[in-house]
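Enquirer: If you scroll down you'll find the structure; I have some questions about it.
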Amino acid sequence: MKNNESFQYRILLALTGLVVLFPVSCNYIMEGGIIGEWVARMCELSEGGSPGGFPLFASAEAIASTGIPANGMDSNLWFFLPALVYRLGNNLVFAYRSYMLAIQAGTLAASILLFGRIFSHSESKLPVFFGVLLYMTCPYRIYVCYDLGDLSQTAAWMLLPVYLWAILGLLQKEGNQIWNLTAAALSLAGIGYGDTVFFLIAAGVTLPSGLAKRRLSVLIAPIAGSLLFLPGLYRLFQYLFRNGFQDLNMPLGSIMPKGYPLGSYFSSYAFREGHPGMGLGMVICLLTGIWLFFVTGRKPSMQCKVFTGTAAFFILLSYIGFPWDYFQRLGDWALKLISLIETPAIFFGMAYLFLCVPAASAIKRIRQYENKTAAYAVPLLVMLACYGICIYQCNNLTYTRPPLALP
């Protein structure tokens, strides 16, 4: 029975990886979002950018040519390999498809690593699979990858589970602590080289958890990651406090109107203005957990409470009514820093990662419920909902977006 379960687990993981790759099967790059910014970076990198090799950051000219300055603080590090592929083969579509294939495969491996640690004491692989399924098919993550086309942020989404896996290992003293600390520092720096805002959020959340648990190693991790990300932090410091990089024309303004209205959190198939909801699969999982709490009277574990509380905090930050305007009035540096966030919607994306834990735990508990119909029907319904909405979201893009005109 264990061998059969292990086989099914691997098949379902492979299926999950294939489902999120549907847009990559197209022999072209879809138009829309900010994908033009990535193309401009590829063109600059393929030409060498500057004497001596690939530049770590895009030039002002490359950013200005696209009219998309929002990612001006983000580095080119994660684009070096696809740029090399593009330079050798002179095929930008192949470079794009190779990059997205590597990102999705890396995200799958990272999420398996994370949820394997979170549910390491579970007798079944079921909660691990559903945690991976929910994260991989997360509507906001799919939106970032293919609809928005922010290929810098996709790298950060790949490394977030690795960083959380390492931090949990340090907090709970699981595994080799040197490896955990090294993985935390490297993954945090990698997140920074992908998306500077994600680096600040991840490091900012880590510090309170380390202080609460009195774990010195947890406090060392963001310090070590900051040292590895020093070029990016220096660039950010120059922009915030020294009026540097004015030629990038970074956008300034209120981000409050771009937050989530209350109803948008629960959307499934359709969404507007860059506000994908949590999807039907996540809604079913959370409702199942609430129903089990009232029916069985069993309180959720402390782990689920912590993850749920963290998710609630991020959801609050993503809400359209959160007073970001007041924080932006602290000074020019605050206006610039918060404007870099662009939209509070990114906090809802992070909240989804933390919601995957109580959601997967709810599936684990419903499988143990005495009503066998519910025990089998609910997990199957969640799985079909996650796959179905992800396929719909991907196919809707591939059938409505024309191919991008490449240089």
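How things are named: the first chain in the structure tokens is A, the next is B, and so on; residues count from 1 in each chain; ligands count from 1 in the order shown.
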For the structure I just gave you, how does DSSP split range 225-259 of chain A - specifically, which residues are helix (DSSP H, G or I)? Reply as a list in words.
Expert: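 Output for range 225-259 of chain A, helix (DSSP H, G or I) only: Gly225, Ser226, Leu227, Leu228, Leu230, Pro231, Gly232, Leu233, Tyr234, Arg235, Leu236, Phe237, Gln238, Tyr239, Leu240, Phe241, Gln246, Asp247, Leu248, Met256, Pro257 and Lys258 of chain A.
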Enquirer: Would you write out those residues with N, CA, C and O atoms, as an mmCIF file, in the first residue's frame?
Expert:
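Contents of the output file again.cif:
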```
data_model
loop_
_atom_site.group_PDB
_atom_site.id
_atom_site.type_symbol
_atom_site.label_atom_id
_atom_site.label_comp_id
_atom_site.auth_asym_id
_atom_site.auth_seq_id
_atom_site.Cartn_x
_atom_site.Cartn_y
_atom_site.Cartn_z
ATOM 1 N N GLY A 225 22.281 37.028 4.472
ATOM 2 C CA GLY A 225 21.663 37.244 3.164
ATOM 3 C C GLY A 225 21.863 38.670 2.673
ATOM 4 O O GLY A 225 22.069 38.900 1.482
ATOM 5 N N SER A 226 21.833 39.637 3.598
ATOM 6 C CA SER A 226 22.050 41.042 3.233
ATOM 7 C C SER A 226 23.472 41.271 2.732
ATOM 8 O O SER A 226 23.688 42.052 1.798
ATOM 9 N N LEU A 227 24.434 40.599 3.348
ATOM 10 C CA LEU A 227 25.823 40.728 2.893
ATOM 11 C C LEU A 227 25.982 40.184 1.480
ATOM 12 O O LEU A 227 26.698 40.766 0.657
ATOM 13 N N LEU A 228 25.299 39.076 1.201
ATOM 14 C CA LEU A 228 25.374 38.504 -0.146
ATOM 15 C C LEU A 228 24.636 39.379 -1.163
ATOM 16 O O LEU A 228 24.973 39.381 -2.352
ATOM 17 N N LEU A 230 24.537 42.651 -1.035
ATOM 18 C CA LEU A 230 25.037 44.009 -0.806
ATOM 19 C C LEU A 230 24.963 44.914 -2.046
ATOM 20 O O LEU A 230 24.595 46.094 -1.918
ATOM 21 N N PRO A 231 25.274 44.436 -3.243
ATOM 22 C CA PRO A 231 25.151 45.328 -4.412
ATOM 23 C C PRO A 231 23.727 45.869 -4.593
ATOM 24 O O PRO A 231 23.544 47.051 -4.906
ATOM 25 N N GLY A 232 22.744 45.008 -4.369
ATOM 26 C CA GLY A 232 21.362 45.448 -4.505
ATOM 27 C C GLY A 232 20.949 46.408 -3.411
ATOM 28 O O GLY A 232 20.235 47.385 -3.659
ATOM 29 N N LEU A 233 21.393 46.147 -2.175
ATOM 30 C CA LEU A 233 21.058 47.034 -1.062
ATOM 31 C C LEU A 233 21.741 48.389 -1.218
ATOM 32 O O LEU A 233 21.159 49.434 -0.878
ATOM 33 N N TYR A 234 22.973 48.390 -1.712
ATOM 34 C CA TYR A 234 23.670 49.661 -1.947
ATOM 35 C C TYR A 234 22.942 50.468 -3.014
ATOM 36 O O TYR A 234 22.776 51.689 -2.884
ATOM 37 N N ARG A 235 22.501 49.800 -4.045
ATOM 38 C CA ARG A 235 21.744 50.470 -5.107
ATOM 39 C C ARG A 235 20.445 51.055 -4.539
ATOM 40 O O ARG A 235 20.079 52.198 -4.854
ATOM 41 N N LEU A 236 19.770 50.273 -3.690
ATOM 42 C CA LEU A 236 18.528 50.745 -3.070
ATOM 43 C C LEU A 236 18.798 51.940 -2.165
ATOM 44 O O LEU A 236 18.026 52.913 -2.148
ATOM 45 N N PHE A 237 19.882 51.885 -1.382
ATOM 46 C CA PHE A 237 20.249 52.992 -0.498
ATOM 47 C C PHE A 237 20.503 54.265 -1.308
ATOM 48 O O PHE A 237 20.054 55.362 -0.924
ATOM 49 N N GLN A 238 21.220 54.124 -2.405
ATOM 50 C CA GLN A 238 21.504 55.275 -3.258
ATOM 51 C C GLN A 238 20.206 55.895 -3.782
ATOM 52 O O GLN A 238 20.072 57.125 -3.865
ATOM 53 N N TYR A 239 19.261 55.059 -4.132
ATOM 54 C CA TYR A 239 17.991 55.549 -4.676
ATOM 55 C C TYR A 239 17.144 56.229 -3.601
ATOM 56 O O TYR A 239 16.558 57.295 -3.846
ATOM 57 N N LEU A 240 17.105 55.640 -2.392
ATOM 58 C CA LEU A 240 16.214 56.151 -1.351
ATOM 59 C C LEU A 240 16.761 57.398 -0.661
ATOM 60 O O LEU A 240 15.995 58.324 -0.344
ATOM 61 N N PHE A 241 18.058 57.427 -0.417
ATOM 62 C CA PHE A 241 18.615 58.475 0.448
ATOM 63 C C PHE A 241 19.599 59.413 -0.247
ATOM 64 O O PHE A 241 19.944 60.449 0.320
ATOM 65 N N GLN A 246 18.063 58.831 -10.827
ATOM 66 C CA GLN A 246 16.951 59.655 -11.287
ATOM 67 C C GLN A 246 16.631 59.398 -12.751
ATOM 68 O O GLN A 246 15.501 59.608 -13.204
ATOM 69 N N ASP A 247 17.640 58.958 -13.511
ATOM 70 C CA ASP A 247 17.421 58.712 -14.934
ATOM 71 C C ASP A 247 16.522 57.509 -15.208
ATOM 72 O O ASP A 247 16.077 57.302 -16.338
ATOM 73 N N LEU A 248 16.250 56.705 -14.173
ATOM 74 C CA LEU A 248 15.352 55.563 -14.349
ATOM 75 C C LEU A 248 13.882 55.978 -14.387
ATOM 76 O O LEU A 248 13.026 55.215 -14.841
ATOM 77 N N MET A 256 -2.394 52.696 -2.483
ATOM 78 C CA MET A 256 -3.651 52.276 -1.850
ATOM 79 C C MET A 256 -4.743 51.880 -2.838
ATOM 80 O O MET A 256 -5.397 50.846 -2.654
ATOM 81 N N PRO A 257 -4.988 52.680 -3.893
ATOM 82 C CA PRO A 257 -6.082 52.310 -4.808
ATOM 83 C C PRO A 257 -5.872 50.980 -5.520
ATOM 84 O O PRO A 257 -6.816 50.438 -6.084
ATOM 85 N N LYS A 258 -4.645 50.456 -5.495
ATOM 86 C CA LYS A 258 -4.362 49.195 -6.173
ATOM 87 C C LYS A 258 -4.531 47.976 -5.263
ATOM 88 O O LYS A 258 -4.241 46.849 -5.673
#
```
Enquirer: Which of these residues is nearest to Pro358 in chain A, using only C-alpha atoms: A:Ala203, A:Leu84, A:Leu21, A:Val283?
Expert: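 Among the listed residues, the smallest separation from Pro358 in chain A belongs to A:Val283.
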Enquirer: Fewer than 6 positions away in the same chain doesn't count, so skip those; otherwise give me all residues within 12 Å of range 61-72 of chain A, counting only C-alpha atoms, as an NGL selection string.
Expert: :A and (33-45 or 47 or 49 or 55 or 149-153 or 193-197 or 232 or 235-236 or 239 or 244-253 or 336-343)
Enquirer: Counting only C-alpha atoms, figure out which residue out of A:Arg141, A:Arg365, A:Arg272, A:Arg298 gets nearest to Tyr260 in chain A.
Expert: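 Checking each of A:Arg141, A:Arg365, A:Arg272, A:Arg298 against Tyr260 in chain A, counting only C-alpha atoms, the winner is A:Arg272.
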Enquirer: Using only C-alpha atoms, determine which residues lie at most 8 Å from Ser217 in chain A, disregarding the query and same-chain residues fewer than 6 positions distant; provide the list as an MDAnalysis selection string.
Expert: chainID A and resid 170 181 210
Enquirer: Would you export the selected residues with C-alpha atoms as an mmCIF file, in the first residue's frame, please?
Expert:
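Written output follows (part38.cif):
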```
data_model
loop_
_atom_site.group_PDB
_atom_site.id
_atom_site.type_symbol
_atom_site.label_atom_id
_atom_site.label_comp_id
_atom_site.auth_asym_id
_atom_site.auth_seq_id
_atom_site.Cartn_x
_atom_site.Cartn_y
_atom_site.Cartn_z
ATOM 1 C CA LEU A 170 16.374 26.993 12.277
ATOM 2 C CA LEU A 181 21.624 28.795 7.813
ATOM 3 C CA GLY A 210 13.653 35.014 15.492
#
```
Enquirer: Residues within 8 Å of Phe57 in chain A, please, as a count of residues only. Count only C-alpha atoms; anything in the same chain fewer than 4 positions from it doesn't count.
Expert: 5
Enquirer: Using only C-alpha atoms, can you tell me which of A:Leu126, A:Phe266, A:Phe80, A:Leu13 comes closest to Ala105 in chain A?
Expert: A:Leu13
Enquirer: Could you check the closest approach to Tyr392 in chain A for each of A:Leu159, A:Ile315, A:Ile142, A:Leu92 and tell me which residue wins, using only C-alpha atoms?
Expert: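 Closest to Tyr392 in chain A of all the choices is A:Ile142.
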